[in-house]
$ cat my_file.txt   # compact mmCIF, C-alpha atoms and all ligand atoms
# COMPACT_ATOMS: atom_id res chain seq x y z
CA MET A 1 -121.24 -46.16 -23.84
CA ASN A 2 -124.99 -46.37 -23.62
CA LEU A 3 -127.13 -43.94 -25.53
CA LEU A 4 -128.22 -41.86 -22.58
CA ARG A 5 -124.65 -41.29 -21.42
CA LEU A 6 -123.65 -40.42 -24.94
CA ALA A 7 -126.50 -37.93 -25.18
CA ILE A 8 -125.54 -36.32 -21.86
CA CYS A 9 -121.93 -36.20 -22.95
CA ILE A 10 -122.83 -34.41 -26.20
CA PHE A 11 -125.13 -32.07 -24.32
CA LEU A 12 -122.34 -31.10 -21.92
CA MET A 13 -119.94 -30.52 -24.79
CA ILE A 14 -122.17 -28.05 -26.61
CA PRO A 15 -121.54 -24.99 -24.39
CA VAL A 16 -117.79 -25.66 -24.53
CA ALA A 17 -117.89 -25.68 -28.30
CA LEU A 18 -119.95 -22.50 -28.53
CA ALA A 19 -118.13 -20.37 -25.99
CA ARG A 20 -115.17 -18.70 -27.66
CA PRO A 21 -112.82 -16.58 -25.62
CA LEU A 22 -112.47 -13.10 -27.10
CA HIS A 23 -108.70 -13.16 -26.86
CA ALA A 24 -108.03 -16.69 -28.00
CA GLN A 25 -104.28 -16.31 -27.86
CA ALA A 26 -104.17 -14.68 -24.48
CA ALA A 27 -105.14 -18.00 -22.94
CA GLY A 28 -102.15 -19.62 -24.65
CA LYS A 29 -104.32 -21.26 -27.24
CA ASP A 30 -103.08 -21.69 -30.75
CA PHE A 31 -104.57 -19.54 -33.49
CA VAL A 32 -106.71 -22.03 -35.40
CA VAL A 33 -106.97 -21.58 -39.16
CA VAL A 34 -109.64 -23.77 -40.75
CA ILE A 35 -108.88 -24.43 -44.42
CA ASP A 36 -111.82 -25.52 -46.50
CA ALA A 37 -111.12 -26.88 -49.97
CA GLY A 38 -114.41 -26.31 -51.78
CA HIS A 39 -116.30 -29.21 -53.41
CA GLY A 40 -114.88 -32.78 -53.66
CA GLY A 41 -115.94 -36.33 -54.46
CA HIS A 42 -118.97 -36.44 -56.77
CA ASP A 43 -119.14 -32.63 -56.57
CA ALA A 44 -116.46 -31.49 -59.02
CA GLY A 45 -117.33 -27.81 -58.82
CA ALA A 46 -116.78 -25.69 -61.92
CA PRO A 47 -115.36 -27.65 -64.87
CA GLY A 48 -112.31 -26.61 -66.82
CA ALA A 49 -110.81 -27.96 -70.05
CA VAL A 50 -107.87 -29.77 -68.44
CA THR A 51 -108.78 -29.84 -64.74
CA ASN A 52 -111.70 -29.03 -62.47
CA GLU A 53 -112.45 -26.83 -59.51
CA LYS A 54 -112.32 -29.46 -56.75
CA THR A 55 -108.79 -30.50 -57.83
CA VAL A 56 -107.42 -26.95 -57.90
CA ASN A 57 -109.06 -26.07 -54.57
CA LEU A 58 -107.61 -29.14 -52.85
CA ALA A 59 -104.09 -28.61 -54.18
CA VAL A 60 -104.02 -24.98 -53.05
CA ALA A 61 -105.59 -25.84 -49.68
CA ASN A 62 -103.00 -28.52 -48.96
CA LEU A 63 -100.10 -26.29 -49.99
CA LEU A 64 -101.47 -23.46 -47.85
CA GLY A 65 -101.87 -25.78 -44.88
CA ALA A 66 -98.31 -27.06 -45.25
CA ARG A 67 -97.00 -23.49 -45.07
CA LEU A 68 -99.15 -22.43 -42.13
CA LYS A 69 -98.35 -25.59 -40.13
CA LYS A 70 -94.73 -24.50 -39.92
CA GLU A 71 -95.71 -21.34 -38.04
CA PRO A 72 -95.44 -21.57 -34.27
CA GLY A 73 -98.69 -20.60 -32.59
CA ILE A 74 -100.80 -21.58 -35.58
CA LYS A 75 -102.86 -24.73 -35.77
CA VAL A 76 -104.31 -25.88 -39.08
CA VAL A 77 -107.57 -27.79 -39.42
CA PHE A 78 -108.72 -29.05 -42.81
CA THR A 79 -112.30 -29.85 -43.77
CA ARG A 80 -110.87 -32.28 -46.33
CA THR A 81 -107.37 -33.32 -47.43
CA ASP A 82 -108.39 -35.69 -50.19
CA ASP A 83 -110.98 -36.04 -52.93
CA ARG A 84 -114.13 -36.61 -50.89
CA PHE A 85 -117.57 -35.08 -50.69
CA VAL A 86 -118.24 -32.94 -47.63
CA THR A 87 -121.58 -31.19 -47.10
CA LEU A 88 -121.67 -27.41 -46.68
CA GLN A 89 -123.14 -27.73 -43.23
CA GLY A 90 -120.57 -30.42 -42.39
CA ARG A 91 -117.77 -28.00 -43.28
CA ALA A 92 -119.20 -25.31 -41.00
CA ASN A 93 -119.70 -27.84 -38.20
CA MET A 94 -116.06 -28.93 -38.44
CA ALA A 95 -114.87 -25.33 -38.26
CA ASN A 96 -117.04 -24.58 -35.23
CA LYS A 97 -116.01 -27.76 -33.46
CA ALA A 98 -112.35 -26.83 -33.99
CA ASP A 99 -113.07 -23.45 -32.39
CA GLY A 100 -111.47 -21.76 -35.38
CA ASP A 101 -110.10 -18.24 -35.33
CA LEU A 102 -110.22 -17.86 -39.09
CA PHE A 103 -112.10 -19.82 -41.75
CA ILE A 104 -110.91 -19.82 -45.36
CA SER A 105 -112.99 -21.52 -48.01
CA ILE A 106 -111.07 -21.97 -51.26
CA HIS A 107 -112.89 -21.96 -54.59
CA THR A 108 -112.32 -21.39 -58.28
CA ASN A 109 -114.59 -19.08 -60.22
CA SER A 110 -116.43 -19.56 -63.48
CA VAL A 111 -119.13 -17.87 -65.50
CA ASP A 112 -122.05 -19.36 -67.37
CA ALA A 113 -121.24 -21.24 -70.59
CA LYS A 114 -123.34 -18.69 -72.50
CA SER A 115 -121.38 -15.69 -71.19
CA LYS A 116 -119.62 -13.69 -73.88
CA ASN A 117 -116.64 -13.04 -71.65
CA ARG A 118 -116.19 -16.67 -70.65
CA THR A 119 -112.69 -16.99 -72.07
CA THR A 120 -111.51 -13.51 -71.13
CA VAL A 121 -112.92 -12.95 -67.63
CA ARG A 122 -110.16 -13.13 -65.04
CA GLY A 123 -109.04 -12.21 -61.58
CA SER A 124 -109.39 -13.25 -57.98
CA ALA A 125 -112.01 -12.05 -55.54
CA VAL A 126 -112.31 -12.56 -51.81
CA TYR A 127 -115.80 -12.71 -50.38
CA THR A 128 -117.03 -12.05 -46.90
CA LEU A 129 -120.57 -12.59 -45.76
CA GLY A 130 -122.65 -9.57 -46.59
CA LEU A 131 -125.62 -7.92 -48.15
CA ASP A 132 -124.24 -6.61 -51.39
CA ARG A 133 -126.83 -8.16 -53.67
CA THR A 134 -125.49 -7.15 -57.03
CA ASP A 135 -126.26 -9.63 -59.80
CA ASP A 136 -122.66 -10.81 -60.19
CA ASN A 137 -122.15 -11.48 -56.50
CA LEU A 138 -125.53 -13.15 -56.16
CA ALA A 139 -124.70 -15.42 -59.13
CA VAL A 140 -121.45 -16.52 -57.45
CA ALA A 141 -123.26 -17.20 -54.16
CA MET A 142 -126.02 -19.13 -55.94
CA ARG A 143 -123.52 -21.28 -57.78
CA GLU A 144 -121.49 -22.09 -54.66
CA ASN A 145 -124.57 -22.62 -52.48
CA SER A 146 -126.31 -24.85 -55.01
CA VAL A 147 -123.97 -27.76 -54.21
CA MET A 148 -126.27 -28.40 -51.24
CA LYS A 149 -128.72 -29.80 -53.78
CA LEU A 150 -126.38 -32.76 -54.23
CA GLU A 151 -127.39 -33.90 -50.74
CA ASN A 152 -130.43 -36.16 -50.45
CA ASP A 153 -132.14 -34.35 -47.64
CA TYR A 154 -130.92 -30.86 -48.38
CA SER A 155 -134.24 -29.15 -47.77
CA THR A 156 -134.34 -30.32 -44.14
CA THR A 157 -130.65 -29.74 -43.44
CA TYR A 158 -130.76 -26.25 -44.89
CA GLU A 159 -134.02 -25.23 -43.29
CA GLY A 160 -135.97 -25.00 -46.53
CA PHE A 161 -133.42 -22.64 -48.07
CA ASP A 162 -133.47 -22.73 -51.89
CA PRO A 163 -130.03 -21.69 -53.18
CA ASN A 164 -131.44 -20.70 -56.57
CA SER A 165 -134.24 -18.46 -55.35
CA ALA A 166 -133.30 -14.83 -54.71
CA GLU A 167 -136.14 -14.58 -52.16
CA SER A 168 -134.58 -17.34 -50.05
CA TYR A 169 -131.65 -15.04 -49.32
CA ILE A 170 -133.77 -13.08 -46.87
CA ILE A 171 -132.53 -15.43 -44.10
CA PHE A 172 -129.11 -13.84 -44.46
CA GLU A 173 -130.58 -10.42 -43.82
CA LEU A 174 -132.16 -11.64 -40.64
CA SER A 175 -128.92 -13.05 -39.28
CA GLN A 176 -126.40 -11.08 -37.36
CA ASN A 177 -122.84 -10.98 -38.61
CA LYS A 178 -120.69 -10.55 -35.52
CA HIS A 179 -117.36 -11.00 -37.24
CA MET A 180 -117.82 -8.70 -40.20
CA GLN A 181 -115.07 -6.23 -39.41
CA GLN A 182 -112.47 -8.91 -38.73
CA SER A 183 -113.54 -10.87 -41.79
CA VAL A 184 -113.14 -7.83 -44.01
CA THR A 185 -109.71 -7.03 -42.55
CA ALA A 186 -108.51 -10.60 -43.19
CA ALA A 187 -110.07 -10.67 -46.66
CA GLN A 188 -108.39 -7.41 -47.64
CA ALA A 189 -105.00 -8.80 -46.62
CA VAL A 190 -105.54 -11.93 -48.73
CA ALA A 191 -106.91 -10.01 -51.74
CA LYS A 192 -103.88 -7.73 -51.74
CA GLU A 193 -101.51 -10.70 -51.72
CA LEU A 194 -103.32 -12.57 -54.48
CA ALA A 195 -102.39 -9.66 -56.70
CA ALA A 196 -98.92 -8.94 -55.30
CA THR A 197 -97.66 -12.51 -54.81
CA ALA A 198 -99.70 -14.56 -57.27
CA GLY A 199 -100.04 -11.89 -59.96
CA ARG A 200 -103.81 -12.19 -60.15
CA LYS A 201 -105.99 -9.34 -61.37
CA ASN A 202 -107.50 -7.97 -58.19
CA ASN A 203 -111.30 -8.03 -58.33
CA GLY A 204 -111.40 -6.89 -54.75
CA VAL A 205 -113.14 -7.76 -51.53
CA ARG A 206 -116.83 -8.37 -52.09
CA GLN A 207 -119.86 -9.33 -50.12
CA ALA A 208 -122.21 -12.20 -50.87
CA ASN A 209 -124.27 -14.70 -48.98
CA PHE A 210 -122.60 -18.07 -48.74
CA TRP A 211 -124.13 -20.71 -46.53
CA VAL A 212 -120.75 -22.00 -45.43
CA LEU A 213 -119.78 -18.52 -44.19
CA LEU A 214 -123.14 -17.91 -42.55
CA LYS A 215 -122.80 -20.99 -40.41
CA THR A 216 -119.18 -20.56 -39.28
CA ALA A 217 -118.98 -18.72 -35.97
CA MET A 218 -115.66 -16.98 -36.60
CA PRO A 219 -114.08 -14.44 -38.98
CA SER A 220 -114.38 -16.06 -42.39
CA MET A 221 -113.83 -15.58 -46.09
CA LEU A 222 -114.39 -17.38 -49.36
CA VAL A 223 -111.60 -17.02 -51.90
CA GLU A 224 -112.30 -17.33 -55.61
CA LEU A 225 -108.78 -17.94 -56.89
CA ASP A 226 -109.41 -17.09 -60.55
CA PHE A 227 -111.63 -18.14 -63.46
CA ILE A 228 -111.23 -21.73 -64.57
CA CYS A 229 -113.34 -21.05 -67.69
CA ASN A 230 -110.59 -18.79 -69.05
CA PRO A 231 -107.97 -21.10 -70.68
CA THR A 232 -105.05 -18.82 -69.78
CA GLU A 233 -106.05 -18.62 -66.12
CA GLU A 234 -106.85 -22.33 -66.03
CA LYS A 235 -103.32 -23.11 -67.14
CA PHE A 236 -102.04 -21.15 -64.17
CA LEU A 237 -104.56 -22.75 -61.78
CA ALA A 238 -103.67 -26.26 -62.96
CA SER A 239 -99.90 -25.79 -62.73
CA ARG A 240 -97.91 -26.68 -59.64
CA SER A 241 -96.10 -23.34 -59.75
CA GLY A 242 -99.39 -21.47 -60.04
CA GLN A 243 -100.88 -23.39 -57.14
CA ASP A 244 -97.79 -22.71 -55.08
CA LYS A 245 -98.01 -18.97 -55.77
CA LEU A 246 -101.70 -18.93 -54.82
CA ALA A 247 -101.00 -20.81 -51.58
CA LYS A 248 -98.14 -18.47 -50.76
CA ALA A 249 -100.33 -15.45 -51.43
CA ILE A 250 -103.07 -16.65 -49.08
CA TYR A 251 -100.44 -17.60 -46.52
CA ASN A 252 -98.96 -14.08 -46.63
CA GLY A 253 -102.41 -12.57 -46.18
CA VAL A 254 -103.21 -14.85 -43.25
CA MET A 255 -99.89 -14.05 -41.57
CA ASP A 256 -100.52 -10.35 -42.04
CA TYR A 257 -103.91 -10.70 -40.33
CA TYR A 258 -102.50 -13.02 -37.65
CA ASN A 259 -99.76 -10.53 -36.77
CA ARG A 260 -102.29 -7.76 -36.53
CA VAL A 261 -104.62 -9.56 -34.16
CA ASN A 262 -101.72 -10.75 -32.06
CA LYS A 263 -99.91 -7.46 -31.63
CA LYS A 264 -102.83 -5.85 -29.93
CA PRO A 265 -105.82 -7.46 -28.31
CA ARG A 266 -108.73 -7.89 -30.66
CA ARG A 267 -110.99 -4.92 -30.78
CA GLN A 268 -114.22 -5.16 -28.89
CA ASP A 269 -115.84 -5.60 -32.28
CA GLU A 270 -118.27 -2.75 -32.57
CA ARG A 271 -118.52 0.69 -31.15
CA LYS A 272 -121.48 1.39 -28.99
CA THR A 273 -124.33 3.61 -29.99
CA THR A 274 -126.56 4.84 -27.26
CA VAL A 275 -130.17 5.21 -28.21
CA LYS A 276 -131.43 8.34 -26.55
CA GLN A 277 -135.00 9.28 -25.91
CA PRO A 278 -136.34 11.49 -28.67
CA GLU A 279 -137.06 15.13 -28.17
CA PRO A 280 -140.64 15.79 -29.18
CA LYS A 281 -140.69 17.36 -32.64
CA ALA A 282 -144.24 16.63 -33.52
CA SER A 283 -144.44 18.82 -36.58
CA ALA A 284 -141.32 17.73 -38.40
CA LYS A 285 -141.76 15.12 -41.09
CA VAL A 286 -139.33 12.29 -41.43
CA SER A 287 -136.86 13.29 -44.10
CA ASP A 288 -136.74 11.48 -47.39
CA ALA A 289 -133.73 9.29 -47.90
CA ASP A 290 -132.56 11.12 -50.98
CA ASP A 291 -128.93 10.88 -51.93
CA ASP A 292 -128.74 13.44 -54.66
CA SER A 293 -125.07 12.79 -55.24
CA GLY A 294 -125.98 9.30 -56.45
CA ARG A 295 -123.25 7.68 -54.39
CA ILE A 296 -123.79 4.31 -52.75
CA VAL A 297 -124.69 4.47 -49.07
CA TYR A 298 -125.80 1.92 -46.54
CA ARG A 299 -128.67 2.28 -44.10
CA ILE A 300 -130.27 0.10 -41.49
CA GLN A 301 -133.86 -0.69 -42.43
CA PHE A 302 -135.91 -1.40 -39.34
CA MET A 303 -139.57 -0.94 -40.18
CA THR A 304 -142.11 -0.87 -43.00
CA ALA A 305 -145.40 0.97 -42.71
CA PRO A 306 -148.20 1.86 -45.13
CA LYS A 307 -148.06 5.54 -44.17
CA GLN A 308 -145.65 8.37 -43.59
CA LEU A 309 -144.78 8.70 -39.91
CA ARG A 310 -143.63 11.87 -38.24
CA ASP A 311 -140.17 12.37 -36.84
CA GLY A 312 -140.09 11.25 -33.23
CA SER A 313 -143.03 8.92 -33.72
CA ARG A 314 -143.58 6.50 -30.90
CA GLU A 315 -143.23 3.69 -33.44
CA PHE A 316 -139.51 4.51 -33.74
CA LYS A 317 -138.99 3.51 -30.10
CA GLY A 318 -136.73 6.48 -29.51
CA LEU A 319 -134.54 6.11 -32.61
CA LYS A 320 -133.38 9.39 -34.05
CA ASN A 321 -131.66 10.04 -37.34
CA VAL A 322 -134.50 8.25 -39.11
CA ASP A 323 -135.00 8.44 -42.87
CA SER A 324 -137.51 6.76 -45.10
CA TYR A 325 -138.02 5.83 -48.70
CA SER A 326 -140.95 4.53 -50.67
CA GLU A 327 -141.04 1.16 -52.36
CA ARG A 328 -143.96 -0.78 -53.81
CA GLY A 329 -146.48 1.47 -52.11
CA MET A 330 -144.95 1.07 -48.67
CA ARG A 331 -142.93 3.49 -46.62
CA LYS A 332 -139.69 1.91 -45.39
CA TYR A 333 -137.86 3.40 -42.44
CA THR A 334 -134.11 3.44 -42.05
CA TYR A 335 -131.60 4.46 -39.44
CA GLY A 336 -128.24 6.12 -40.08
CA THR A 337 -126.14 6.54 -43.20
CA TYR A 338 -122.91 4.63 -43.65
CA SER A 339 -120.27 4.41 -46.31
CA SER A 340 -119.73 0.65 -45.97
CA PRO A 341 -121.69 -2.43 -44.85
CA ALA A 342 -119.07 -2.96 -42.15
CA GLU A 343 -119.71 0.47 -40.70
CA ALA A 344 -123.47 -0.10 -40.75
CA SER A 345 -123.17 -3.50 -39.12
CA ALA A 346 -121.54 -1.87 -36.09
CA ASP A 347 -124.78 -0.04 -35.35
CA LEU A 348 -127.04 -2.84 -36.52
CA ARG A 349 -126.84 -4.80 -33.31
CA HIS A 350 -128.00 -1.82 -31.32
CA VAL A 351 -130.91 -1.16 -33.64
CA LYS A 352 -131.73 -4.86 -33.38
CA THR A 353 -132.22 -4.54 -29.64
CA LEU A 354 -135.23 -2.36 -30.53
CA PHE A 355 -136.18 -3.92 -33.87
CA PRO A 356 -134.92 -7.52 -34.03
CA ASP A 357 -135.65 -7.83 -37.76
CA ALA A 358 -133.55 -4.80 -38.75
CA PHE A 359 -131.06 -5.34 -41.57
CA VAL A 360 -128.62 -3.39 -43.69
CA ILE A 361 -129.60 -2.15 -47.14
CA LYS A 362 -127.68 -0.51 -49.92
CA MET A 363 -129.03 2.69 -51.45
CA LYS A 364 -128.27 4.91 -54.39
CA GLY A 365 -130.09 8.09 -55.33
CA GLY A 366 -132.74 7.55 -52.68
CA LYS A 367 -133.61 4.05 -53.94
CA ARG A 368 -132.73 0.67 -52.60
CA VAL A 369 -130.21 -1.21 -54.75
CA TYR A 370 -130.46 -5.01 -54.92
ZN ZN B 1 -116.80 -23.47 -55.69

$ encode --input "my_file.txt" --output "structure tokens" --more "lines below"
Ligand SMILES: [Zn+2]
Amino acid sequence: MNLLRLAICIFLMIPVALARPLHAQAAGKDFVVVIDAGHGGHDAGAPGAVTNEKTVNLAVANLLGARLKKEPGIKVVFTRTDDRFVTLQGRANMANKADGDLFISIHTNSVDAKSKNRTTVRGSAVYTLGLDRTDDNLAVAMRENSVMKLENDYSTTYEGFDPNSAESYIIFELSQNKHMQQSVTAAQAVAKELAATAGRKNNGVRQANFWVLLKTAMPSMLVELDFICNPTEEKFLASRSGQDKLAKAIYNGVMDYYNRVNKKPRRQDERKTTVKQPEPKASAKVSDADDDSGRIVYRIQFMTAPKQLRDGSREFKGLKNVDSYSERGMRKYTYGTYSSPAEASADLRHVKTLFPDAFVIKMKGGKRVY
């Protein structure tokens, strides 16, 4: 095939690859689970004393795939089935090309060699893409994202993103996460099973910014099976029976999610919020975003200004329910109050129609928490 025809062919294929039907199964299509064994080849991942991360991830991924393949209506796609290096972007591309319905990236956790709790830390955690920038979660994301540095031209491929710079993570805030609710539902099912079926300590469903999740256009999760730096947990991770339990646990979680999405049509993701025109309330000041109870809340930050604006200001473009807080000499304006990032993300897309750079922040006691 000459180059021009090839180019046209690829061009024509792009819209097909990007357009995903909302009810994938309704069209008689299989439910596609993309299984991504983290690391591989010259990227060993976190080291253990008797094994390493890439080996554990691959064993669990293959066992999980073998179980899921037996299920009618489910199609399994692997990003790797042997010990080879696959780029982060390459993994996401494979998942998108397969038109996946669920993406599961399998990893093994570890903490820094200097950490005091290195040999005692334990438990599994399931991550979805999100804005919870606590130090622990950011450290996990930085470690998993930093494998991109093993690629020669990583700076170009990853758009100048530096996995070790906290500032770089702003690109995640500017992206929209369309599949958050479904991702969290699937992740919760898997997290529950990792405890119930594989006997892992449950460190819960968490949010962090992983490149591989950002670039997969489907509900997705990243599973940290357990800590390979803890000798007791490593023994379990390295054993065939341990790997089988972990695979079974993830399989149970996936089937739970699969049965849910198949019983009833998938929800039309987010509820709608209508943005009404403001009633003029020229004298009222915008309220301070003080949460005296000290509980964690989520808000949608949509604007920063050097001065205090009045409620109903034209600058708010008709948004009501506006709060603000002060940070580094600037006044930052937020919309709504939510108890979870998932809840906030439902309204985020509507706020984004007015303020495209809006993003979700976490707050405690009237201050932003990073
Ligand atoms: Zn990893």

$ residues_near_ligand --input "my_file.txt" --ligand "ligand ZN 1 (chain B)" --cutoff "8 Å" --atoms "all atoms listed in the file" --output "PDB file with C-alpha atoms, in the coordinates of the input"
ATOM      1  CA  GLY A  38    -114.410 -26.310 -51.780  1.00  0.00           C
ATOM      2  CA  HIS A  39    -116.300 -29.210 -53.410  1.00  0.00           C
ATOM      3  CA  GLY A  45    -117.330 -27.810 -58.820  1.00  0.00           C
ATOM      4  CA  ALA A  46    -116.780 -25.690 -61.920  1.00  0.00           C
ATOM      5  CA  GLU A  53    -112.450 -26.830 -59.510  1.00  0.00           C
ATOM      6  CA  LYS A  54    -112.320 -29.460 -56.750  1.00  0.00           C
ATOM      7  CA  ILE A 106    -111.070 -21.970 -51.260  1.00  0.00           C
ATOM      8  CA  HIS A 107    -112.890 -21.960 -54.590  1.00  0.00           C
ATOM      9  CA  THR A 108    -112.320 -21.390 -58.280  1.00  0.00           C
ATOM     10  CA  ASN A 109    -114.590 -19.080 -60.220  1.00  0.00           C
ATOM     11  CA  ARG A 143    -123.520 -21.280 -57.780  1.00  0.00           C
ATOM     12  CA  GLU A 144    -121.490 -22.090 -54.660  1.00  0.00           C
ATOM     13  CA  GLU A 224    -112.300 -17.330 -55.610  1.00  0.00           C
TER      14      GLU A 224
END

$ atom_distance --input "my_file.txt" --atom1 "CA of Gly130 (chain A)" --atom2 "CA of Phe210 (chain A)"
8.8 Å

$ atom_distance --input "my_file.txt" --atom1 "CA of Glu167 (chain A)" --atom2 "CA of Asp112 (chain A)"
21.3 Å

$ atom_distance --input "my_file.txt" --atom1 "CA of Ser168 (chain A)" --atom2 "CA of Gln182 (chain A)"
26.2 Å

$ closest_residue --input "my_file.txt" --among "A:His350, A:Thr51, A:Gly100, A:Gly41" --to "Arg84 (chain A)" --atoms "all atoms listed in the file"
A:Gly41

$ residues_near_point --input "my_file.txt" --point "(-102.2, -26.1, -38.6)" --cutoff "10 Å" --atoms "only C-alpha atoms" --output "PyMOL selection string"
chain A and resi 30-35+64-78

$ closest_residue --input "my_file.txt" --among "A:Leu309, A:Ile300, A:Ala139, A:Leu237" --to "Gly336 (chain A)" --atoms "all atoms listed in the file"
A:Ile300

$ residues_around --input "my_file.txt" --residues "Ala95 (chain A)" --least-positions-apart "3" --cutoff "10 Å" --atoms "all atoms listed in the file" --output "ChimeraX atom specification"
/A:32-36,77-79,89-92,98-104,212,215-218

$ write_last_selection --input "my_file.txt" --atoms "C-alpha atoms" --output "CSV table (one decimal), keeping the file's coordinate frame"
chain,number,residue,atom,x,y,z
A,32,VAL,CA,-106.7,-22.0,-35.4
A,33,VAL,CA,-107.0,-21.6,-39.2
A,34,VAL,CA,-109.6,-23.8,-40.8
A,35,ILE,CA,-108.9,-24.4,-44.4
A,36,ASP,CA,-111.8,-25.5,-46.5
A,77,VAL,CA,-107.6,-27.8,-39.4
A,78,PHE,CA,-108.7,-29.0,-42.8
A,79,THR,CA,-112.3,-29.8,-43.8
A,89,GLN,CA,-123.1,-27.7,-43.2
A,90,GLY,CA,-120.6,-30.4,-42.4
A,91,ARG,CA,-117.8,-28.0,-43.3
A,92,ALA,CA,-119.2,-25.3,-41.0
A,98,ALA,CA,-112.4,-26.8,-34.0
A,99,ASP,CA,-113.1,-23.4,-32.4
A,100,GLY,CA,-111.5,-21.8,-35.4
A,101,ASP,CA,-110.1,-18.2,-35.3
A,102,LEU,CA,-110.2,-17.9,-39.1
A,103,PHE,CA,-112.1,-19.8,-41.8
A,104,ILE,CA,-110.9,-19.8,-45.4
A,212,VAL,CA,-120.8,-22.0,-45.4
A,215,LYS,CA,-122.8,-21.0,-40.4
A,216,THR,CA,-119.2,-20.6,-39.3
A,217,ALA,CA,-119.0,-18.7,-36.0
A,218,MET,CA,-115.7,-17.0,-36.6

$ residues_around --input "my_file.txt" --residues "Tyr154 (chain A)" --least-positions-apart "4" --cutoff "12 Å" --atoms "all atoms listed in the file" --output "PyMOL selection string"
chain A and resi 87-90+145-150+158-163

$ closest_residue --input "my_file.txt" --among "A:Glu327, A:Ala247, A:Ile228, A:Glu173" --to "Lys352 (chain A)" --atoms "all atoms listed in the file"
A:Glu173

$ closest_residue --input "my_file.txt" --among "A:Asn52, A:Gln308, A:Asn321, A:Gln301" --to "Val360 (chain A)" --atoms "only C-alpha atoms"
A:Gln301
